[in-house]
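What's in final.pdb: PDB, C-alpha atoms (C1' of nucleotides)
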ATOM      1  CA  MET A   1       8.284  26.819 -21.270
ATOM      2  CA  SER A   2      11.969  26.076 -21.819
ATOM      3  CA  ARG A   3      11.807  22.872 -23.834
ATOM      4  CA  GLY A   4      15.293  21.806 -24.778
ATOM      5  CA  HIS A   5      15.072  18.127 -23.870
ATOM      6  CA  PRO A   6      11.439  17.799 -22.835
ATOM      7  CA  GLU A   7      11.634  14.327 -21.320
ATOM      8  CA  HIS A   8      14.967  14.961 -19.661
ATOM      9  CA  SER A   9      13.970  18.182 -17.955
ATOM     10  CA  ALA A  10      10.555  16.800 -17.041
ATOM     11  CA  ALA A  11      12.154  13.794 -15.353
ATOM     12  CA  ARG A  12      14.667  16.017 -13.578
ATOM     13  CA  ARG A  13      11.918  18.325 -12.425
ATOM     14  CA  ARG A  14       9.947  15.370 -11.115
ATOM     15  CA  HIS A  15      12.999  14.127  -9.247
ATOM     16  CA  HIS A  16      13.631  17.521  -7.701
ATOM     17  CA  ALA A  17       9.977  17.847  -6.727
ATOM     18  CA  VAL A  18      10.110  14.503  -4.912
ATOM     19  CA  ILE A  19      13.110  15.562  -2.839
ATOM     20  CA  PHE A  20      11.701  18.992  -2.037
ATOM     21  CA  ALA A  21       8.385  17.429  -1.077
ATOM     22  CA  ALA A  22      10.178  15.004   1.228
ATOM     23  CA  LEU A  23      11.838  17.974   2.939
ATOM     24  CA  GLY A  24       8.587  19.921   2.987
ATOM     25  CA  ASP A  25       7.317  18.566   6.281
ATOM     26  CA  GLU A  26       8.122  19.754   9.768
ATOM     27  CA  THR A  27       8.436  16.285  11.266
ATOM     28  CA  ARG A  28      10.705  15.056   8.505
ATOM     29  CA  LEU A  29      12.938  18.115   8.839
ATOM     30  CA  ALA A  30      13.226  17.298  12.526
ATOM     31  CA  LEU A  31      14.231  13.747  11.633
ATOM     32  CA  VAL A  32      16.848  15.013   9.210
ATOM     33  CA  THR A  33      18.198  17.286  11.918
ATOM     34  CA  ALA A  34      18.300  14.415  14.389
ATOM     35  CA  LEU A  35      20.180  12.262  11.889
ATOM     36  CA  ALA A  36      22.570  15.060  10.937
ATOM     37  CA  THR A  37      24.528  14.321  14.108
ATOM     38  CA  GLY A  38      26.061  11.463  12.156
ATOM     39  CA  GLU A  39      24.941   8.644  14.357
ATOM     40  CA  ALA A  40      22.669   6.040  12.775
ATOM     41  CA  GLN A  41      19.557   5.722  14.906
ATOM     42  CA  SER A  42      16.770   3.225  15.395
ATOM     43  CA  ILE A  43      13.110   3.933  14.759
ATOM     44  CA  SER A  44      12.074   3.837  18.402
ATOM     45  CA  ARG A  45      14.920   6.125  19.367
ATOM     46  CA  LEU A  46      13.900   8.602  16.688
ATOM     47  CA  THR A  47      10.309   8.305  17.883
ATOM     48  CA  ALA A  48      11.348   9.206  21.427
ATOM     49  CA  GLY A  49      11.994  12.790  20.327
ATOM     50  CA  THR A  50       8.466  13.222  18.999
ATOM     51  CA  ARG A  51       4.860  13.206  20.152
ATOM     52  CA  LEU A  52       3.935  10.879  17.333
ATOM     53  CA  THR A  53       3.433   7.164  17.098
ATOM     54  CA  ARG A  54       6.239   4.882  16.026
ATOM     55  CA  GLN A  55       4.226   4.046  12.919
ATOM     56  CA  ALA A  56       3.934   7.686  11.930
ATOM     57  CA  VAL A  57       7.692   8.117  12.269
ATOM     58  CA  THR A  58       8.208   4.942  10.261
ATOM     59  CA  LYS A  59       6.103   6.311   7.421
ATOM     60  CA  HIS A  60       8.070   9.551   7.430
ATOM     61  CA  LEU A  61      11.307   7.601   7.307
ATOM     62  CA  ARG A  62       9.986   5.659   4.314
ATOM     63  CA  VAL A  63       9.250   8.921   2.539
ATOM     64  CA  LEU A  64      12.757  10.200   3.248
ATOM     65  CA  GLN A  65      14.143   6.877   2.068
ATOM     66  CA  GLY A  66      12.070   7.045  -1.119
ATOM     67  CA  ALA A  67      13.647  10.412  -1.852
ATOM     68  CA  GLY A  68      17.104   8.994  -1.212
ATOM     69  CA  LEU A  69      17.710  11.327   1.708
ATOM     70  CA  VAL A  70      18.107   8.457   4.139
ATOM     71  CA  ARG A  71      19.318   4.879   4.096
ATOM     72  CA  GLY A  72      17.971   2.183   6.353
ATOM     73  CA  ALA A  73      19.284  -1.267   7.249
ATOM     74  CA  ARG A  74      18.348  -3.843   9.808
ATOM     75  CA  HIS A  75      20.769  -4.647  12.585
ATOM     76  CA  GLY A  76      19.567  -7.405  14.790
ATOM     77  CA  ARG A  77      16.105  -6.595  16.001
ATOM     78  CA  GLU A  78      16.281  -2.906  15.242
ATOM     79  CA  SER A  79      16.537  -1.083  11.930
ATOM     80  CA  LEU A  80      18.975   1.802  11.856
ATOM     81  CA  PHE A  81      18.650   4.851   9.657
ATOM     82  CA  GLU A  82      21.418   7.174   8.585
ATOM     83  CA  LEU A  83      21.525  10.335   6.497
ATOM     84  CA  ASP A  84      22.722  10.474   2.903
ATOM     85  CA  PRO A  85      23.780  14.084   2.239
ATOM     86  CA  GLN A  86      24.079  13.583  -1.525
ATOM     87  CA  PRO A  87      20.522  14.629  -2.516
ATOM     88  CA  MET A  88      20.723  17.666  -0.262
ATOM     89  CA  LYS A  89      23.887  18.800  -1.988
ATOM     90  CA  GLU A  90      22.134  18.213  -5.287
ATOM     91  CA  MET A  91      19.245  20.460  -4.332
ATOM     92  CA  GLN A  92      21.637  23.036  -2.992
ATOM     93  CA  GLU A  93      23.214  23.254  -6.421
ATOM     94  CA  TYR A  94      19.810  23.414  -8.054
ATOM     95  CA  LEU A  95      18.758  26.371  -5.912
ATOM     96  CA  GLY A  96      22.079  28.002  -6.606
ATOM     97  CA  ARG A  97      21.590  27.711 -10.366
ATOM     98  CA  VAL A  98      18.119  29.229 -10.313
ATOM     99  CA  SER A  99      18.933  32.201  -8.101
ATOM    100  CA  GLN A 100      22.160  32.769  -9.996
ATOM    101  CA  GLN A 101      20.224  32.821 -13.252
ATOM    102  CA  TRP A 102      17.991  35.443 -11.682
ATOM    103  CA  ASP A 103      20.968  37.560 -10.649
ATOM    104  CA  GLU A 104      22.418  37.414 -14.157
ATOM    105  CA  VAL A 105      19.106  38.530 -15.613
ATOM    106  CA  LEU A 106      19.122  41.535 -13.310
ATOM    107  CA  LEU A 107      22.655  42.415 -14.355
ATOM    108  CA  ARG A 108      21.767  42.247 -18.043
ATOM    109  CA  LEU A 109      18.707  44.351 -17.429
ATOM    110  CA  LYS A 110      20.727  46.949 -15.576
ATOM    111  CA  ALA A 111      23.367  47.033 -18.310
ATOM    112  CA  HIS A 112      20.675  47.419 -20.948
ATOM    113  CA  VAL A 113      19.085  50.327 -19.111
ATOM    114  CA  GLU A 114      22.411  52.139 -18.696
ATOM    115  CA  SER A 115      23.389  51.758 -22.354
TER     116      SER A 115
ATOM    117  CA  MET B 116      16.222  16.508  19.813
ATOM    118  CA  SER B 117      18.512  19.575  19.685
ATOM    119  CA  ARG B 118      16.684  21.885  22.052
ATOM    120  CA  GLY B 119      18.635  25.077  22.374
ATOM    121  CA  HIS B 120      15.861  27.591  21.771
ATOM    122  CA  PRO B 121      12.846  25.311  21.372
ATOM    123  CA  GLU B 122      10.385  27.889  20.060
ATOM    124  CA  HIS B 123      12.925  29.554  17.838
ATOM    125  CA  SER B 124      14.106  26.424  16.123
ATOM    126  CA  ALA B 125      10.560  25.098  15.873
ATOM    127  CA  ALA B 126       9.411  28.267  14.157
ATOM    128  CA  ARG B 127      12.411  28.199  11.831
ATOM    129  CA  ARG B 128      11.762  24.586  11.002
ATOM    130  CA  ARG B 129       8.137  25.372  10.229
ATOM    131  CA  HIS B 130       9.219  28.207   7.981
ATOM    132  CA  HIS B 131      11.684  26.009   6.125
ATOM    133  CA  ALA B 132       9.094  23.276   5.750
ATOM    134  CA  VAL B 133       6.643  25.706   4.167
ATOM    135  CA  ILE B 134       9.175  26.800   1.562
ATOM    136  CA  PHE B 135      10.316  23.261   0.785
ATOM    137  CA  ALA B 136       6.721  22.130   0.500
ATOM    138  CA  ALA B 137       5.991  24.977  -1.913
ATOM    139  CA  LEU B 138       8.895  23.779  -4.067
ATOM    140  CA  GLY B 139       7.829  20.151  -3.722
ATOM    141  CA  ASP B 140       5.449  20.116  -6.654
ATOM    142  CA  GLU B 141       6.251  19.548 -10.296
ATOM    143  CA  THR B 142       3.903  22.220 -11.580
ATOM    144  CA  ARG B 143       5.185  24.833  -9.168
ATOM    145  CA  LEU B 144       8.790  24.036 -10.059
ATOM    146  CA  ALA B 145       7.842  24.600 -13.689
ATOM    147  CA  LEU B 146       6.337  27.961 -12.744
ATOM    148  CA  VAL B 147       9.486  28.932 -10.868
ATOM    149  CA  THR B 148      11.537  27.968 -13.908
ATOM    150  CA  ALA B 149       9.279  30.001 -16.164
ATOM    151  CA  LEU B 150       9.622  33.017 -13.884
ATOM    152  CA  ALA B 151      13.383  32.606 -13.529
ATOM    153  CA  THR B 152      13.785  34.258 -16.929
ATOM    154  CA  GLY B 153      13.315  37.527 -15.064
ATOM    155  CA  GLU B 154      10.241  38.728 -16.870
ATOM    156  CA  ALA B 155       7.128  39.243 -14.755
ATOM    157  CA  GLN B 156       4.298  37.272 -16.332
ATOM    158  CA  SER B 157       0.527  37.248 -16.190
ATOM    159  CA  ILE B 158      -1.540  34.317 -14.998
ATOM    160  CA  SER B 159      -2.975  33.459 -18.405
ATOM    161  CA  ARG B 160       0.461  33.605 -19.961
ATOM    162  CA  LEU B 161       1.817  31.229 -17.320
ATOM    163  CA  THR B 162      -1.179  28.990 -17.887
ATOM    164  CA  ALA B 163      -0.414  28.797 -21.618
ATOM    165  CA  GLY B 164       2.625  26.632 -20.880
ATOM    166  CA  THR B 165       0.573  24.051 -19.030
ATOM    167  CA  ARG B 166      -2.239  21.585 -19.543
ATOM    168  CA  LEU B 167      -4.000  22.868 -16.453
ATOM    169  CA  THR B 168      -6.810  25.310 -15.915
ATOM    170  CA  ARG B 169      -6.101  28.929 -15.148
ATOM    171  CA  GLN B 170      -7.601  28.401 -11.702
ATOM    172  CA  ALA B 171      -5.226  25.573 -10.922
ATOM    173  CA  VAL B 172      -2.268  27.729 -11.902
ATOM    174  CA  THR B 173      -3.675  30.560  -9.819
ATOM    175  CA  LYS B 174      -3.819  28.320  -6.763
ATOM    176  CA  HIS B 175      -0.233  27.213  -7.304
ATOM    177  CA  LEU B 176       0.837  30.837  -7.588
ATOM    178  CA  ARG B 177      -0.916  31.592  -4.311
ATOM    179  CA  VAL B 178       1.031  28.789  -2.659
ATOM    180  CA  LEU B 179       4.308  30.134  -4.013
ATOM    181  CA  GLN B 180       3.293  33.596  -2.862
ATOM    182  CA  GLY B 181       2.433  32.282   0.586
ATOM    183  CA  ALA B 182       5.953  30.898   0.844
ATOM    184  CA  GLY B 183       7.396  34.231  -0.271
ATOM    185  CA  LEU B 184       8.915  32.709  -3.405
ATOM    186  CA  VAL B 185       6.873  34.945  -5.669
ATOM    187  CA  ARG B 186       5.385  38.425  -5.591
ATOM    188  CA  GLY B 187       2.214  39.381  -7.420
ATOM    189  CA  ALA B 188       0.728  42.768  -8.284
ATOM    190  CA  ARG B 189      -2.120  43.894 -10.459
ATOM    191  CA  HIS B 190      -1.337  45.919 -13.552
ATOM    192  CA  GLY B 191      -4.462  47.039 -15.315
ATOM    193  CA  ARG B 192      -6.625  44.031 -15.984
ATOM    194  CA  GLU B 193      -3.894  41.472 -15.532
ATOM    195  CA  SER B 194      -1.937  40.505 -12.437
ATOM    196  CA  LEU B 195       1.765  39.984 -12.964
ATOM    197  CA  PHE B 196       3.947  37.638 -10.950
ATOM    198  CA  GLU B 197       7.673  37.834 -10.505
ATOM    199  CA  LEU B 198      10.215  35.697  -8.680
ATOM    200  CA  ASP B 199      11.789  36.620  -5.363
ATOM    201  CA  PRO B 200      15.071  34.709  -5.110
ATOM    202  CA  GLN B 201      15.574  35.515  -1.439
ATOM    203  CA  PRO B 202      13.871  32.415   0.059
ATOM    204  CA  MET B 203      15.670  30.149  -2.389
ATOM    205  CA  LYS B 204      19.011  31.537  -1.282
ATOM    206  CA  GLU B 205      17.905  31.026   2.302
ATOM    207  CA  MET B 206      17.143  27.359   1.663
ATOM    208  CA  GLN B 207      20.380  26.964  -0.211
ATOM    209  CA  GLU B 208      22.235  28.088   2.884
ATOM    210  CA  TYR B 209      20.177  25.789   5.059
ATOM    211  CA  LEU B 210      21.024  22.756   2.935
ATOM    212  CA  GLY B 211      24.627  23.837   2.958
ATOM    213  CA  ARG B 212      24.727  23.970   6.747
ATOM    214  CA  VAL B 213      23.210  20.504   7.181
ATOM    215  CA  SER B 214      25.422  18.703   4.693
ATOM    216  CA  GLN B 215      28.464  20.565   5.981
ATOM    217  CA  GLN B 216      27.629  19.462   9.510
ATOM    218  CA  TRP B 217      27.510  15.910   8.174
ATOM    219  CA  ASP B 218      30.907  16.260   6.532
ATOM    220  CA  GLU B 219      32.433  17.567   9.746
ATOM    221  CA  VAL B 220      31.040  14.628  11.666
ATOM    222  CA  LEU B 221      32.649  12.250   9.192
ATOM    223  CA  LEU B 222      35.982  14.032   9.570
ATOM    224  CA  ARG B 223      35.847  13.806  13.360
ATOM    225  CA  LEU B 224      34.924  10.163  13.129
ATOM    226  CA  LYS B 225      37.823   9.463  10.802
ATOM    227  CA  ALA B 226      40.249  11.332  13.045
ATOM    228  CA  HIS B 227      39.018   9.422  16.048
ATOM    229  CA  VAL B 228      39.464   6.075  14.320
ATOM    230  CA  GLU B 229      43.004   6.922  13.238
ATOM    231  CA  SER B 230      44.086   8.092  16.690
TER     232      SER B 230
ATOM    233  C1'  DT C 231     -20.550  52.195 -26.089
ATOM    234  C1'  DC C 232     -19.792  47.271 -26.669
ATOM    235  C1'  DA C 233     -17.570  42.997 -27.325
ATOM    236  C1'  DT C 234     -13.629  40.727 -25.484
ATOM    237  C1'  DA C 235      -9.845  39.525 -22.481
ATOM    238  C1'  DT C 236      -8.145  38.770 -17.676
ATOM    239  C1'  DT C 237      -9.073  37.953 -13.418
ATOM    240  C1'  DG C 238     -11.505  36.755  -8.726
ATOM    241  C1'  DC C 239     -14.682  34.101  -6.033
ATOM    242  C1'  DA C 240     -17.082  30.058  -4.610
ATOM    243  C1'  DA C 241     -18.799  25.491  -4.755
ATOM    244  C1'  DC C 242     -17.696  21.056  -5.650
ATOM    245  C1'  DC C 243     -15.098  16.578  -6.388
ATOM    246  C1'  DT C 244     -11.512  13.058  -5.663
ATOM    247  C1'  DC C 245      -7.596  11.156  -3.781
ATOM    248  C1'  DC C 246      -3.830  10.647  -0.848
ATOM    249  C1'  DA C 247      -0.729  12.285   2.987
ATOM    250  C1'  DG C 248      -0.450  11.998   7.741
ATOM    251  C1'  DG C 249      -1.925   9.784  11.655
ATOM    252  C1'  DT C 250      -3.821   6.015  14.688
ATOM    253  C1'  DT C 251      -4.807   1.237  16.415
ATOM    254  C1'  DG C 252      -4.377  -3.771  16.641
ATOM    255  C1'  DC C 253      -2.024  -7.832  15.815
ATOM    256  C1'  DA C 254       1.802 -10.870  14.157
ATOM    257  C1'  DT C 255       6.778 -11.798  13.990
ATOM    258  C1'  DG C 256      11.706 -12.006  14.791
ATOM    259  C1'  DA C 257      15.693 -10.948  18.227
ATOM    260  C1'  DT C 258      17.385 -10.722  22.925
ATOM    261  C1'  DA C 259      18.385 -10.717  27.748
ATOM    262  C1'  DA C 260      17.636 -13.223  31.852
TER     263       DA C 260
ATOM    264  C1'  DT D 261      12.854 -21.250  27.464
ATOM    265  C1'  DT D 262      10.333 -17.213  28.107
ATOM    266  C1'  DA D 263       9.089 -12.608  28.762
ATOM    267  C1'  DT D 264      10.156  -8.482  26.462
ATOM    268  C1'  DC D 265      11.674  -5.277  23.051
ATOM    269  C1'  DA D 266      11.766  -3.423  18.230
ATOM    270  C1'  DT D 267       9.728  -3.821  14.185
ATOM    271  C1'  DG D 268       6.479  -4.935  10.132
ATOM    272  C1'  DC D 269       1.950  -5.258   8.159
ATOM    273  C1'  DA D 270      -2.755  -3.992   7.396
ATOM    274  C1'  DA D 271      -7.026  -1.692   8.080
ATOM    275  C1'  DC D 272      -8.994   2.411   9.054
ATOM    276  C1'  DC D 273     -10.015   7.523   9.594
ATOM    277  C1'  DT D 274      -9.840  12.523   8.404
ATOM    278  C1'  DG D 275      -8.490  16.820   6.399
ATOM    279  C1'  DG D 276      -6.667  19.235   3.008
ATOM    280  C1'  DA D 277      -4.080  19.490  -1.632
ATOM    281  C1'  DG D 278      -4.863  19.685  -6.377
ATOM    282  C1'  DG D 279      -8.084  20.092  -9.847
ATOM    283  C1'  DT D 280     -12.476  21.504 -12.332
ATOM    284  C1'  DT D 281     -16.647  24.297 -13.520
ATOM    285  C1'  DG D 282     -19.681  28.289 -13.479
ATOM    286  C1'  DC D 283     -20.530  32.972 -12.820
ATOM    287  C1'  DA D 284     -19.586  37.835 -11.658
ATOM    288  C1'  DA D 285     -16.617  41.931 -12.150
ATOM    289  C1'  DT D 286     -13.368  44.960 -14.119
ATOM    290  C1'  DA D 287     -10.161  46.734 -18.073
ATOM    291  C1'  DT D 288      -9.339  47.458 -22.609
ATOM    292  C1'  DG D 289      -9.400  48.010 -27.652
ATOM    293  C1'  DA D 290     -12.309  49.006 -31.501
TER     294       DA D 290
END

If you convert what's in this file into structure tokens, what do you get?
Amino acid sequence: MSRGHPEHSAARRRHHAVIFAALGDETRLALVTALATGEAQSISRLTAGTRLTRQAVTKHLRVLQGAGLVRGARHGRESLFELDPQPMKEMQEYLGRVSQQWDEVLLRLKAHVES
Amino acid sequence: MSRGHPEHSAARRRHHAVIFAALGDETRLALVTALATGEAQSISRLTAGTRLTRQAVTKHLRVLQGAGLVRGARHGRESLFELDPQPMKEMQEYLGRVSQQWDEVLLRLKAHVES
DNA sequence: TCATATTGCAACCTCCAGGTTGCATGATAA
DNA sequence: TTATCATGCAACCTGGAGGTTGCAATATGA
């Protein structure tokens, strides 16, 4: 199964899986959307948009933070979270590579058939 | 929290979450990679690359199928699975929109500061 | 026809993600 | 100083994800 640098690709795959998994939840996607406005927001403010508890939102933010999608820092008595678009761009490239590979395969196949 | 067409965006978000969640697993990413070579492959063949049971792989394939990332069809006694790159391209665009929105916000912010 | 290969179905197990509640703690406005 | 606001921590609960095993059914090659 495509072993060029087994440990390398395994670690990369694991990393990608973590980020995808972090994005693979409705609530967390909503949080990302809320933070995409640019403004860093506090936990209670982010909770206001949901029907969940503050603790639930906090856990989701921790997951996003663990995946590097979000950075958090305390300011006074509230802790503000802001988006970090880097991982999303990374995954965008990843998806691009895979689907592009697929397209190239189709082209080769077509060329082979027509020859 | 960004309510333009509440039901619409909620349904879209749910859809996106399902696809991201399907990609958010190391084993399933490996399967996607294996299928990205273009060749449709049988369950037992896909299992050969793993340390898992055939049943486990089957379940993962069902998940991928449920997200539309993969299509399966029986051929004789074996059922072959092939990739469908469409959802991946969809998610690629999604990620592009979000990070682009972020970049635009930063530009506006910068312009505002310098004015 | 018969042994074998490939799959499907179903029951079962374990663990953790997602969620809640209750209480303690630090920052703030009045 | 004090009441209040925002958060952190910890215990707890529940359902489903991920995995295995066993058995039945269908295709296929010899």

Tell me, in Å to one decimal, how far CA of Val220 (chain B) is from CA of Arg54 (chain A). 27.0 Å

Would you mind listing, for every residue of chain B within 7 Å of chain D, the two atoms forming the shortest contact and the distance between them in Å to one decimal, using all atoms listed in the file, sorted by chain and ascending residue number, as JSON lines?
{"residue": "B:Ala171", "atom": "CA", "partner": "D:DG279", "partner_atom": "C1'", "distance": 6.3}
{"residue": "B:Gly191", "atom": "CA", "partner": "D:DA287", "partner_atom": "C1'", "distance": 6.3}
{"residue": "B:Arg192", "atom": "CA", "partner": "D:DA287", "partner_atom": "C1'", "distance": 4.9}

Determine which residues of chain A sit within 12 Å of chain C, taking into account only C-alpha atoms (C1' of nucleotides), and present them as number ranges by chain. A: 21-22, 25-28, 51-60, 63, 74-79

Take the residues from that selection and put them in a file with C-alpha atoms, as a PDB file, keeping the file's coordinate frame.
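Final output, saved to out_4.pdb:
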ATOM      1  CA  ALA A  21       8.385  17.429  -1.077  1.00  0.00           C
ATOM      2  CA  ALA A  22      10.178  15.004   1.228  1.00  0.00           C
ATOM      3  CA  ASP A  25       7.317  18.566   6.281  1.00  0.00           C
ATOM      4  CA  GLU A  26       8.122  19.754   9.768  1.00  0.00           C
ATOM      5  CA  THR A  27       8.436  16.285  11.266  1.00  0.00           C
ATOM      6  CA  ARG A  28      10.705  15.056   8.505  1.00  0.00           C
ATOM      7  CA  ARG A  51       4.860  13.206  20.152  1.00  0.00           C
ATOM      8  CA  LEU A  52       3.935  10.879  17.333  1.00  0.00           C
ATOM      9  CA  THR A  53       3.433   7.164  17.098  1.00  0.00           C
ATOM     10  CA  ARG A  54       6.239   4.882  16.026  1.00  0.00           C
ATOM     11  CA  GLN A  55       4.226   4.046  12.919  1.00  0.00           C
ATOM     12  CA  ALA A  56       3.934   7.686  11.930  1.00  0.00           C
ATOM     13  CA  VAL A  57       7.692   8.117  12.269  1.00  0.00           C
ATOM     14  CA  THR A  58       8.208   4.942  10.261  1.00  0.00           C
ATOM     15  CA  LYS A  59       6.103   6.311   7.421  1.00  0.00           C
ATOM     16  CA  HIS A  60       8.070   9.551   7.430  1.00  0.00           C
ATOM     17  CA  VAL A  63       9.250   8.921   2.539  1.00  0.00           C
ATOM     18  CA  ARG A  74      18.348  -3.843   9.808  1.00  0.00           C
ATOM     19  CA  HIS A  75      20.769  -4.647  12.585  1.00  0.00           C
ATOM     20  CA  GLY A  76      19.567  -7.405  14.790  1.00  0.00           C
ATOM     21  CA  ARG A  77      16.105  -6.595  16.001  1.00  0.00           C
ATOM     22  CA  GLU A  78      16.281  -2.906  15.242  1.00  0.00           C
ATOM     23  CA  SER A  79      16.537  -1.083  11.930  1.00  0.00           C
TER      24      SER A  79
END

What residues come out when you apply the PyMOL selection byres ((chain B) within 8 of (chain A)) to this file, written as a ChimeraX atom specification? /B:116-117,128-129,131-141,144-145,148-149,151-153,164,200,203-204,206-208,210-211,213-214,216-217,220-221

Please evaluate the PyMOL selection byres ((chain B and resi 156-158) around 6) against the structure above and give the resulting residues as a list of chain:residue names.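 After applying the PyMOL selection byres ((chain B and resi 156-158) around 6), what remains is B:Ala155, B:Ser159, B:Arg160, B:Leu161, B:Ser194, B:Leu195, B:Phe196.
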
Which value, in Å to one decimal, gives the distance between CA of Lys110 (chain A) and CA of Glu197 (chain B)? 16.7 Å

Coordinates-based distance that separates CA of His123 (chain B) from CA of Thr47 (chain A) (Å, one decimal): 21.4 Å

For region 221-225 of chain B, I'd like the enclosing box, axis-aligned and padded by 6 Å on every side, reported as lines of an AutoDock Vina configuration file with centre and edge lengths in Å to one decimal.
center_x = 35.2
center_y = 11.7
center_z = 11.3
size_x = 17.2
size_y = 16.6
size_z = 16.2
